[in-house]
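Remarks on the structure that follows.
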2 protein chains.
Amino acid sequence: MVAAHYEKMLLEKSVIRQLSEFATARGKEIGYENVFDYSLGNPSVPVPEAVTETMIRLLRERDPMELHGYSPSLGIPAVREAVASSLRRRFGVPYKTEDIFMTAGAAGAIAHAVRAVTVPGDEVIAFAPCFSEYFPYVNGTGAVLRLIPADTEHFQIAFEAFEKGLSPRTAAVLINTPNNPSGTVYSAETIRTLARILDRKSREYGHEIYLISDEPYREIVFGGVEAPFVAAGYANTLTCYSFSKSLSLPGERIGYVAVNPACKDAAKIVQMCAQISRETGHNCPASLIQLAVAEHLEETADLRVYETNKEILYRELLDLGFSCVEPGGTFYLFPRALEEDATRFCEKGRKYDLILVPGDGFGCPGFFRMAYCIDTEKVKRSLVALRRFVKTEYPSAGRVSQK
Amino acid sequence: MVAAHYEKMLLEKSVIRQLSEFATARGKEIGYENVFDYSLGNPSVPVPEAVTETMIRLLRERDPMELHGYSPSLGIPAVREAVASSLRRRFGVPYKTEDIFMTAGAAGAIAHAVRAVTVPGDEVIAFAPCFSEYFPYVNGTGAVLRLIPADTEHFQIAFEAFEKGLSPRTAAVLINTPNNPSGTVYSAETIRTLARILDRKSREYGHEIYLISDEPYREIVFGGVEAPFVAAGYANTLTCYSFSKSLSLPGERIGYVAVNPACKDAAKIVQMCAQISRETGHNCPASLIQLAVAEHLEETADLRVYETNKEILYRELLDLGFSCVEPGGTFYLFPRALEEDATRFCEKGRKYDLILVPGDGFGCPGFFRMAYCIDTEKVKRSLVALRRFVKTEYPSAGRVSQK
């Protein structure tokens with residue numbers, strides 16, 4: 001008999017996947033360039049050419065036995081050292097090689113971090129809105145994800161609700177800044193308050209509450225926005241990073257867990273990650289990709305398009321009467337839908353070839369997500385559809401412009 | 001608090017790792033070329049140049065957005081189709097694209113296969129001697145690995161002990177042919193008998209017993225040896241493959257699960273694998289590597305050195321009075337130690353700079369493993385040390401030659 005648990009997961013159809021299937025089918029009818037697909041968080045800019053050249057050089061020049069040989073389960077030592085050194089220099093936290101564990105992207109990082117600091121039955125707190133995959137990442141370990149309702153005014157943290165949600169069973173808190181889906185960046189004040197509460201509650205409960213900070217959008221922060229480095233504000237932090245967005249390499253599955261050296265049991269936690277891999281069959285990211293990113297840790301793809309797109313869309317949304325917190329980074333916008341049922345709102349949008357994702361799956365009903373990692377030219381063309389959608393379906397919405 | 005379960009695993013020091021550390025330390029004293037390190041199963045021949053050229057071509061010519069973009073969680077469709085088509089052609093089993101799940105090596109494959117067909121508390125049977133990592137792969141899912149004692153005469157399957165070990169809680173049987181550590185290849189007769197028993201017991205218990213066949217050494221089979229394709233002999237087979245050995249790419253973490261289309265719930269099992277990934281954070285092997293191996297599915301690195309090494313060592317071992325089943329493939333030999341305690345035997349070997357692995361960790365005390373994936377020149381030089389070791393420590397052993 002097959003495992004009923006995973007069989008059941010098959011029945012829970014992914015909303016985003018359904019939307020994506022709709023977009024593909026519609027694209028076949030009218031041409032994909034005419035479908036305004038805001039559903040997928042897939043980077044829309046290429047990897048830097050320098051990274052491609054590094055991969056080619058490694059393939060041409062390195063001894064293939066060394067290049068493609070087994071990497072140690074914690075990651076290639078020189079790569080771990082390069083990551084530690086870059087983090088030290090950029091953020092002033094004294095990471096050492098032994099604080100870094102290389103992973104297959106942020107998914108691998110979070111799955112390891114949660115397993116390292118929880119036991120089955122423990123609670124992990126996350127804040128709405130959040131990436132829907134946090135549920136399987138956490139619940140698959142035997143721990144339980146507890147979602148704190150959103151601060152819908154600013155998409156920072158609803159601290160009152162958070163304090164009520166904490167309990168002696170809270171082993172970890174999982175945050176994501178810059179945030180998918182809201183696009184907001186947690187302020188220095190948010191991080192300070194969060195750290196104060198975690199310190200106080202750790203003392204009260206007599207055990208550490210670890211902070212797992214998911215940061216794949218760290219490098220996508222817009223002009224004038226300050227993005228504090230979370231681990232600098234709280235000792236017991238496990239930072240989960242991915243190069244998927246910064247270097248536009250999502251398919252190559254490369255990231256890391258960086259355990260703050262001030263974290264209790266830091267070195268042990270990293271070592272434990274390699275034991276966790278033995279059970280999940282993770283066994284390191286690809287060696288060629290590890291070696292390649294290690295040479296480009298402080299570079300990024302040309303990420304400016306995301307801010308350009310944000311500007312265009314954000315202004316238009318306000319103009320059309322939407323209420324929306326201005327994103328400080330990422331490539332997401334998360335406006336309030338123009339009717340209470342965001343799923344219905346998004347369904348109506350499809351009539352105008354606008355593919356929008358309802359906020360329900362992110363734990364935040366009544367809102368919708370736009371992933372604007374698409375060509376600016378297409379963003380501009382989508383404005384006509386957006387305007388037509390709103391004026392036709394919600395004629396009394398806000399102060400609709402008469403352009 | 002960190003997870004006690006993984007903390008405890010840290011204390012169970014890996015014998016192979018300790019040996020490898022000894023070899024490195026000793027290498028610093030006398031030069032690594034003088035340490036006869038038979039401890040690690042790391043391929044000793046390079047990846048075929050054609051594979052390197054394919055990677056470079058993909059990097060130069062493919063649209064980077066497509067090349068490095070997210071791959072679907074089951075693997076890149078064209079890659080899955082290429083694998084299915086190659087297996088169809090080579091082994092006559094009618095695999096389709098939807099029967100293939102791409103994984104990060106055999107570790108990822110086995111971890112997914114076991115999770116797909118067991119629930120916590122189920123038993124998975126394996127046969128000694130076996131790869132020690134089967135324990136975390138299986139026990140990490142919540143199922144329990146039950147090891148059947150070895151058929152030490154032929155290193156096929158001890159069927160009488162197997163039948164006694166089966167119970168209604170047996171959900172799956174995990175085999176490995178060609179076998180690490182024994183080097184033997186399961187015969188057609190062994191597969192037939194195994195399939196007959198599994199069919200009979202499945203009917204008796206009223207549920208399928210799945211066969212998980214771990215085949216990373218499939219292409220390393222020596223002249224005159226027939227290696228039957230396991231899935232062709234039993235419908236409910238999940239084949240776990242890795243390109244680590246065939247293409248000498250262990251660090252790139254690439255393999256697959258192929259579910260026999262005749263297997264009960266075949267398509268569902270493959271789909272479930274993608275759900276399992278969501279919990280373990282596996283999320284596909286690297287896209288560049290997937291695309292590269294898909295063009296070289298029926299090629300291998302130059303594997304002839306392994307048979308050459310086997311010939312030299314096997315003859316010498318017999319000559320020195322060892323009892324040893326002749327390997328039919330892989331790059332392992334698994335002779336009986338010259339004293340009952342194989343750990344003590346291997347410790348004594350270290351005095352002669354011979355790094356041998358006791359069979360205890362493979363569930364087969366009294367034997368030792370030699371991984372002869374090293375240069376033939378070094379194998380030849382090691383014979384002097386081997387002879388000195390045996391003649392000094394075990395002067396009455398067998399018919400020691402006087403060369």
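Scheme for the structure tokens: letters A, B, ... for chains in order shown; per-chain residue numbers from 1; ligand numbers from 1 in order shown.
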
Using DSSP on the backbone coordinates, identify all residues within region 87-251 of chain A classified as strand (DSSP E or B); present the result as a PyMOL selection string.
-> chain A and resi 100-103+123-127+144-148+170-176+210-214+221+237-242

Output the contact residues of chain A with respect to chain B at a cut-off of 6 Å, based on only C-alpha atoms, as a PyMOL selection string.
-> chain A and resi 2-3+6+46+56+64-65+68-71+107-108+111+116-119+136-137+140+249-253+272+278-281+286-287

Any chance you could export the current selection's N, CA, C and O atoms as a compact mmCIF listing (two decimals), in the first residue's frame?
```txt
# COMPACT_ATOMS: atom_id res chain seq x y z
N VAL A 2 0.48 2.21 -0.80
CA VAL A 2 1.26 3.44 -0.83
C VAL A 2 0.96 4.27 0.42
O VAL A 2 -0.03 4.04 1.11
N ALA A 3 1.84 5.22 0.70
CA ALA A 3 1.72 6.00 1.93
C ALA A 3 0.54 6.98 1.84
O ALA A 3 0.56 7.92 1.04
N TYR A 6 0.99 10.95 1.78
CA TYR A 6 1.42 11.64 0.56
C TYR A 6 0.35 11.52 -0.53
O TYR A 6 0.22 12.40 -1.38
N PRO A 46 18.43 37.10 -16.60
CA PRO A 46 19.37 35.97 -16.69
C PRO A 46 20.46 36.01 -15.63
O PRO A 46 20.74 37.05 -15.03
N ILE A 56 32.07 27.49 -17.02
CA ILE A 56 32.82 26.96 -18.17
C ILE A 56 34.30 26.80 -17.82
O ILE A 56 34.93 25.80 -18.13
N PRO A 64 38.60 16.89 -13.34
CA PRO A 64 37.20 16.46 -13.24
C PRO A 64 36.92 15.59 -12.02
O PRO A 64 35.80 15.58 -11.50
N MET A 65 37.92 14.85 -11.54
CA MET A 65 37.72 14.00 -10.37
C MET A 65 37.44 14.86 -9.14
O MET A 65 36.67 14.49 -8.27
N HIS A 68 33.92 17.03 -9.87
CA HIS A 68 32.66 16.29 -9.78
C HIS A 68 32.67 15.25 -8.67
O HIS A 68 31.75 14.43 -8.59
N GLY A 69 33.73 15.22 -7.85
CA GLY A 69 33.82 14.22 -6.78
C GLY A 69 32.83 14.51 -5.66
O GLY A 69 32.27 15.60 -5.57
N TYR A 70 32.62 13.52 -4.82
CA TYR A 70 31.75 13.71 -3.66
C TYR A 70 32.18 14.95 -2.90
O TYR A 70 33.36 15.13 -2.59
N SER A 71 31.23 15.80 -2.57
CA SER A 71 31.57 16.91 -1.68
C SER A 71 31.26 16.44 -0.27
O SER A 71 30.38 15.62 -0.06
N ALA A 107 14.65 25.74 0.16
CA ALA A 107 13.79 24.63 0.61
C ALA A 107 14.61 23.65 1.45
O ALA A 107 14.21 23.28 2.55
N GLY A 108 15.77 23.28 0.92
CA GLY A 108 16.65 22.39 1.67
C GLY A 108 17.10 23.03 2.98
O GLY A 108 17.18 22.38 4.02
N ALA A 111 14.13 23.07 5.53
CA ALA A 111 13.82 21.71 5.97
C ALA A 111 14.87 21.22 6.98
O ALA A 111 14.54 20.55 7.96
N ALA A 116 16.61 20.55 12.78
CA ALA A 116 17.72 20.64 13.73
C ALA A 116 17.27 21.18 15.09
O ALA A 116 17.85 20.83 16.11
N VAL A 117 16.25 22.02 15.12
CA VAL A 117 15.93 22.70 16.38
C VAL A 117 14.52 22.39 16.90
O VAL A 117 14.01 23.09 17.78
N THR A 118 13.90 21.35 16.35
CA THR A 118 12.59 20.95 16.86
C THR A 118 12.55 19.45 17.08
O THR A 118 13.37 18.72 16.53
N VAL A 119 11.60 19.01 17.87
CA VAL A 119 11.28 17.58 17.94
C VAL A 119 9.79 17.46 17.63
O VAL A 119 9.05 18.45 17.77
N PRO A 136 4.25 22.32 4.43
CA PRO A 136 4.93 21.02 4.34
C PRO A 136 6.35 21.04 4.90
O PRO A 136 6.77 20.05 5.52
N TYR A 137 7.10 22.12 4.72
CA TYR A 137 8.47 22.16 5.27
C TYR A 137 8.44 21.85 6.77
O TYR A 137 9.25 21.08 7.28
N GLY A 140 6.11 18.44 7.84
CA GLY A 140 6.79 17.21 7.44
C GLY A 140 7.83 16.74 8.44
O GLY A 140 8.26 15.58 8.41
N LEU A 249 19.29 31.57 -10.46
CA LEU A 249 19.69 30.17 -10.65
C LEU A 249 18.72 29.20 -9.96
O LEU A 249 19.16 28.21 -9.36
N PRO A 250 17.40 29.44 -10.04
CA PRO A 250 16.51 28.62 -9.20
C PRO A 250 16.59 27.13 -9.48
O PRO A 250 16.49 26.32 -8.57
N GLY A 251 16.80 26.77 -10.74
CA GLY A 251 16.83 25.34 -11.08
C GLY A 251 18.08 24.63 -10.60
O GLY A 251 18.11 23.40 -10.54
N GLU A 252 19.12 25.39 -10.25
CA GLU A 252 20.38 24.74 -9.85
C GLU A 252 20.41 24.40 -8.36
O GLU A 252 21.34 23.74 -7.89
N ARG A 253 19.41 24.81 -7.63
CA ARG A 253 19.21 24.39 -6.24
C ARG A 253 20.46 24.61 -5.39
O ARG A 253 21.16 23.65 -5.03
N MET A 272 24.77 18.66 12.91
CA MET A 272 23.53 17.89 12.91
C MET A 272 22.83 17.95 11.55
O MET A 272 22.17 16.99 11.14
N ARG A 278 21.35 12.61 5.95
CA ARG A 278 21.44 11.15 5.80
C ARG A 278 20.05 10.52 5.82
O ARG A 278 19.84 9.48 5.21
N GLU A 279 19.13 11.15 6.53
CA GLU A 279 17.77 10.59 6.60
C GLU A 279 16.88 11.05 5.45
O GLU A 279 16.00 10.32 5.02
N THR A 280 17.10 12.26 4.98
CA THR A 280 16.22 12.78 3.93
C THR A 280 16.78 12.52 2.54
O THR A 280 16.10 12.75 1.54
N GLY A 281 18.02 12.06 2.46
CA GLY A 281 18.63 11.81 1.15
C GLY A 281 19.04 13.10 0.45
O GLY A 281 19.12 13.15 -0.77
N ALA A 286 24.83 20.33 -5.89
CA ALA A 286 25.78 19.90 -6.92
C ALA A 286 27.12 20.62 -6.75
O ALA A 286 27.16 21.83 -6.51
N SER A 287 28.21 19.88 -6.88
CA SER A 287 29.53 20.44 -6.59
C SER A 287 29.92 21.55 -7.56
O SER A 287 30.46 22.58 -7.16
```

With only C-alpha atoms as the basis for distance, which of A:Leu174, A:Leu297, A:Val384, A:Val325 is at the shortest distance from Asp353 (chain A)?
-> A:Val384

Tell me, in Å to one decimal, how far CA of Pro228 (chain A) is from CA of Thr190 (chain A).
->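 It comes out at 9.8 Å.
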
What is the distance, in Å and to one decimal place, between CA of Leu145 (chain A) and CA of Ile125 (chain A)?
->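 Interatomic distance here is 5.8 Å.
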
Nearest candidate to Glu81 (chain B) (options B:Thr97, B:Ser382, B:Thr237, B:Asn309; using only C-alpha atoms) |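 Of all the options, B:Thr97 lies closest to Glu81 (chain B).
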
Could you please write out, as a PyMOL selection string, every residue of region 112-309 of chain A that DSSP assigns to alpha helix (DSSP H)?
-> chain A and resi 112-117+134-139+159-165+188-205+266-280+287-294+304-309

Which residues come within 10 Å of region 391-396 of chain B, counting only C-alpha atoms, excluding same-chain residues fewer than 5 positions away, as a VMD selection string?
-> chain B and resid 320 to 321 338 to 339 345 348 to 349 385 to 386 401 to 402

Selection export as a PDB file, in the first residue's frame, atoms kept: N, CA, C and O atoms:
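The file below, again_36.pdb, is the result:
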```pdb
ATOM      1  N   LEU B 320      47.167 -15.581  -1.181  1.00  0.00           N
ATOM      2  CA  LEU B 320      47.591 -15.364   0.209  1.00  0.00           C
ATOM      3  C   LEU B 320      46.761 -16.181   1.191  1.00  0.00           C
ATOM      4  O   LEU B 320      46.964 -16.104   2.397  1.00  0.00           O
ATOM      5  N   GLY B 321      45.819 -16.941   0.674  1.00  0.00           N
ATOM      6  CA  GLY B 321      45.055 -17.822   1.545  1.00  0.00           C
ATOM      7  C   GLY B 321      43.734 -17.254   2.009  1.00  0.00           C
ATOM      8  O   GLY B 321      43.076 -17.816   2.887  1.00  0.00           O
ATOM      9  N   LEU B 338      41.259 -12.650   8.373  1.00  0.00           N
ATOM     10  CA  LEU B 338      42.071 -13.798   8.793  1.00  0.00           C
ATOM     11  C   LEU B 338      41.990 -14.052  10.297  1.00  0.00           C
ATOM     12  O   LEU B 338      42.691 -14.905  10.825  1.00  0.00           O
ATOM     13  N   GLU B 339      41.172 -13.267  10.971  1.00  0.00           N
ATOM     14  CA  GLU B 339      40.798 -13.625  12.338  1.00  0.00           C
ATOM     15  C   GLU B 339      39.334 -13.254  12.514  1.00  0.00           C
ATOM     16  O   GLU B 339      38.770 -12.511  11.702  1.00  0.00           O
ATOM     17  N   PHE B 345      41.509  -7.146  12.789  1.00  0.00           N
ATOM     18  CA  PHE B 345      42.246  -7.457  11.566  1.00  0.00           C
ATOM     19  C   PHE B 345      42.571  -6.163  10.795  1.00  0.00           C
ATOM     20  O   PHE B 345      43.717  -5.923  10.399  1.00  0.00           O
ATOM     21  N   LYS B 348      45.198  -4.018  12.486  1.00  0.00           N
ATOM     22  CA  LYS B 348      46.555  -4.517  12.240  1.00  0.00           C
ATOM     23  C   LYS B 348      47.027  -4.116  10.843  1.00  0.00           C
ATOM     24  O   LYS B 348      48.197  -3.800  10.640  1.00  0.00           O
ATOM     25  N   GLY B 349      46.112  -4.141   9.887  1.00  0.00           N
ATOM     26  CA  GLY B 349      46.457  -3.778   8.511  1.00  0.00           C
ATOM     27  C   GLY B 349      47.031  -2.365   8.434  1.00  0.00           C
ATOM     28  O   GLY B 349      47.901  -2.074   7.609  1.00  0.00           O
ATOM     29  N   ALA B 385      52.717  -4.652   0.504  1.00  0.00           N
ATOM     30  CA  ALA B 385      52.264  -4.386   1.872  1.00  0.00           C
ATOM     31  C   ALA B 385      51.307  -5.476   2.333  1.00  0.00           C
ATOM     32  O   ALA B 385      51.386  -5.960   3.481  1.00  0.00           O
ATOM     33  N   LEU B 386      50.426  -5.877   1.438  1.00  0.00           N
ATOM     34  CA  LEU B 386      49.424  -6.895   1.767  1.00  0.00           C
ATOM     35  C   LEU B 386      50.119  -8.208   2.135  1.00  0.00           C
ATOM     36  O   LEU B 386      49.783  -8.855   3.136  1.00  0.00           O
ATOM     37  N   SER B 401      52.142 -17.619  -0.566  1.00  0.00           N
ATOM     38  CA  SER B 401      53.157 -17.831  -1.600  1.00  0.00           C
ATOM     39  C   SER B 401      54.502 -17.265  -1.153  1.00  0.00           C
ATOM     40  O   SER B 401      54.573 -16.418  -0.280  1.00  0.00           O
ATOM     41  N   GLN B 402      55.552 -17.730  -1.743  1.00  0.00           N
ATOM     42  CA  GLN B 402      56.896 -17.313  -1.334  1.00  0.00           C
ATOM     43  C   GLN B 402      57.533 -16.358  -2.336  1.00  0.00           C
ATOM     44  O   GLN B 402      58.759 -16.260  -2.419  1.00  0.00           O
TER      45      GLN B 402
END
```

Within 9 Å of Gln156 (chain A), counting only C-alpha atoms, which residues qualify if same-chain residues fewer than 6 places away don't, as a PDB file with all heavy atoms, in the first residue's frame?
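Generated output (around.pdb):
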```
ATOM      1  N   PHE A 127       4.385  33.935  10.373  1.00  0.00           N
ATOM      2  CA  PHE A 127       3.469  35.074  10.315  1.00  0.00           C
ATOM      3  C   PHE A 127       2.797  35.155   8.955  1.00  0.00           C
ATOM      4  O   PHE A 127       3.473  35.127   7.924  1.00  0.00           O
ATOM      5  CB  PHE A 127       4.243  36.377  10.585  1.00  0.00           C
ATOM      6  CG  PHE A 127       4.935  36.370  11.909  1.00  0.00           C
ATOM      7  CD1 PHE A 127       6.291  36.075  12.006  1.00  0.00           C
ATOM      8  CD2 PHE A 127       4.218  36.610  13.078  1.00  0.00           C
ATOM      9  CE1 PHE A 127       6.931  36.034  13.241  1.00  0.00           C
ATOM     10  CE2 PHE A 127       4.843  36.576  14.313  1.00  0.00           C
ATOM     11  CZ  PHE A 127       6.205  36.285  14.395  1.00  0.00           C
ATOM     12  N   ALA A 150      -2.096  38.159  10.004  1.00  0.00           N
ATOM     13  CA  ALA A 150      -1.284  39.245   9.441  1.00  0.00           C
ATOM     14  C   ALA A 150      -1.562  40.593  10.102  1.00  0.00           C
ATOM     15  O   ALA A 150      -2.663  40.853  10.583  1.00  0.00           O
ATOM     16  CB  ALA A 150      -1.555  39.347   7.946  1.00  0.00           C
ATOM     17  N   THR A 184       7.051  43.357   1.591  1.00  0.00           N
ATOM     18  CA  THR A 184       7.576  44.278   2.605  1.00  0.00           C
ATOM     19  C   THR A 184       8.881  43.757   3.203  1.00  0.00           C
ATOM     20  O   THR A 184       9.179  42.565   3.154  1.00  0.00           O
ATOM     21  CB  THR A 184       6.573  44.516   3.745  1.00  0.00           C
ATOM     22  OG1 THR A 184       6.160  43.259   4.251  1.00  0.00           O
ATOM     23  CG2 THR A 184       5.371  45.298   3.266  1.00  0.00           C
ATOM     24  N   VAL A 185       9.654  44.695   3.752  1.00  0.00           N
ATOM     25  CA  VAL A 185      10.922  44.384   4.419  1.00  0.00           C
ATOM     26  C   VAL A 185      10.711  44.678   5.904  1.00  0.00           C
ATOM     27  O   VAL A 185      10.213  45.752   6.248  1.00  0.00           O
ATOM     28  CB  VAL A 185      12.052  45.266   3.848  1.00  0.00           C
ATOM     29  CG1 VAL A 185      13.366  44.984   4.567  1.00  0.00           C
ATOM     30  CG2 VAL A 185      12.201  45.032   2.346  1.00  0.00           C
ATOM     31  N   TYR A 186      11.069  43.731   6.752  1.00  0.00           N
ATOM     32  CA  TYR A 186      10.931  43.984   8.186  1.00  0.00           C
ATOM     33  C   TYR A 186      11.875  45.116   8.588  1.00  0.00           C
ATOM     34  O   TYR A 186      13.061  45.110   8.246  1.00  0.00           O
ATOM     35  CB  TYR A 186      11.242  42.728   9.004  1.00  0.00           C
ATOM     36  CG  TYR A 186      10.137  41.689   9.011  1.00  0.00           C
ATOM     37  CD1 TYR A 186      10.305  40.480   9.681  1.00  0.00           C
ATOM     38  CD2 TYR A 186       8.913  41.919   8.373  1.00  0.00           C
ATOM     39  CE1 TYR A 186       9.296  39.521   9.706  1.00  0.00           C
ATOM     40  CE2 TYR A 186       7.904  40.967   8.393  1.00  0.00           C
ATOM     41  CZ  TYR A 186       8.099  39.773   9.050  1.00  0.00           C
ATOM     42  OH  TYR A 186       7.102  38.814   9.079  1.00  0.00           O
ATOM     43  N   SER A 187      11.341  46.065   9.348  1.00  0.00           N
ATOM     44  CA  SER A 187      12.144  47.216   9.774  1.00  0.00           C
ATOM     45  C   SER A 187      13.070  46.823  10.926  1.00  0.00           C
ATOM     46  O   SER A 187      12.876  45.785  11.573  1.00  0.00           O
ATOM     47  CB  SER A 187      11.214  48.342  10.248  1.00  0.00           C
ATOM     48  OG  SER A 187      10.574  47.925  11.449  1.00  0.00           O
ATOM     49  N   THR A 190      11.043  46.343  13.935  1.00  0.00           N
ATOM     50  CA  THR A 190      10.364  45.032  13.973  1.00  0.00           C
ATOM     51  C   THR A 190      11.315  43.952  14.479  1.00  0.00           C
ATOM     52  O   THR A 190      10.961  43.153  15.351  1.00  0.00           O
ATOM     53  CB  THR A 190       9.841  44.663  12.562  1.00  0.00           C
ATOM     54  OG1 THR A 190       8.817  45.595  12.207  1.00  0.00           O
ATOM     55  CG2 THR A 190       9.264  43.252  12.523  1.00  0.00           C
TER      56      THR A 190
END
```

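The residue that comes closest to Val357 (chain A), out of A:Leu11, A:Val225, A:Ile157, A:Leu40 and on the basis of only C-alpha atoms, is A:Leu40.
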
Just the residues within 7 Å of region 29-36 of chain A, please, counting only C-alpha atoms, with nothing from its chain fewer than 2 positions along; format it as a PyMOL selection string.
-> chain A and resi 23+25-27+38+353-355+382

Could the residues in this selection be written to a file with N, CA and C atoms, as a PDB file, in the first residue's frame?
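Generated file (result28.pdb):
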```pdb
ATOM      1  N   ALA A  23      -2.975  29.562 -17.443  1.00  0.00           N
ATOM      2  CA  ALA A  23      -2.199  30.523 -18.229  1.00  0.00           C
ATOM      3  C   ALA A  23      -1.611  29.856 -19.471  1.00  0.00           C
ATOM      4  N   ALA A  25      -2.740  27.133 -21.019  1.00  0.00           N
ATOM      5  CA  ALA A  25      -3.821  26.794 -21.945  1.00  0.00           C
ATOM      6  C   ALA A  25      -4.310  28.056 -22.686  1.00  0.00           C
ATOM      7  N   ARG A  26      -4.487  29.124 -21.932  1.00  0.00           N
ATOM      8  CA  ARG A  26      -4.948  30.378 -22.537  1.00  0.00           C
ATOM      9  C   ARG A  26      -3.902  30.910 -23.524  1.00  0.00           C
ATOM     10  N   GLY A  27      -2.636  30.738 -23.142  1.00  0.00           N
ATOM     11  CA  GLY A  27      -1.545  31.163 -24.013  1.00  0.00           C
ATOM     12  C   GLY A  27      -1.586  30.477 -25.365  1.00  0.00           C
ATOM     13  N   TYR A  38       0.858  36.802 -13.737  1.00  0.00           N
ATOM     14  CA  TYR A  38       1.501  37.299 -12.520  1.00  0.00           C
ATOM     15  C   TYR A  38       1.520  36.212 -11.437  1.00  0.00           C
ATOM     16  N   ASP A 353      -7.537  38.074 -18.877  1.00  0.00           N
ATOM     17  CA  ASP A 353      -6.218  37.462 -19.073  1.00  0.00           C
ATOM     18  C   ASP A 353      -5.199  37.942 -18.050  1.00  0.00           C
ATOM     19  N   LEU A 354      -5.711  38.287 -16.875  1.00  0.00           N
ATOM     20  CA  LEU A 354      -4.828  38.643 -15.760  1.00  0.00           C
ATOM     21  C   LEU A 354      -4.759  37.443 -14.808  1.00  0.00           C
ATOM     22  N   ILE A 355      -3.553  36.919 -14.593  1.00  0.00           N
ATOM     23  CA  ILE A 355      -3.413  35.757 -13.713  1.00  0.00           C
ATOM     24  C   ILE A 355      -2.904  36.262 -12.359  1.00  0.00           C
ATOM     25  N   SER A 382      -0.078  45.148 -19.596  1.00  0.00           N
ATOM     26  CA  SER A 382      -1.095  44.587 -18.701  1.00  0.00           C
ATOM     27  C   SER A 382      -1.959  45.673 -18.058  1.00  0.00           C
TER      28      SER A 382
END
```

Do you know which residues are at most 10 Å from Leu87 (chain B) counting only C-alpha atoms, after dropping those on the same chain fewer than 3 positions away, and could you put them as a PyMOL selection string?
-> chain B and resi 81-84+90-96+229+258+297-298

Contacts of Pro178 (chain B) within 9 Å, only C-alpha atoms, excl. fewer than 3 positions in-chain, as JSON, numbers by chain | {"B": [182, 183, 184, 185, 186, 214, 215, 216, 217, 218, 219, 220, 221, 227, 327, 328, 329, 330]}

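Note that the spacing between CA of Pro149 (chain A) and CA of Ala128 (chain A) amounts to 5.3 Å.
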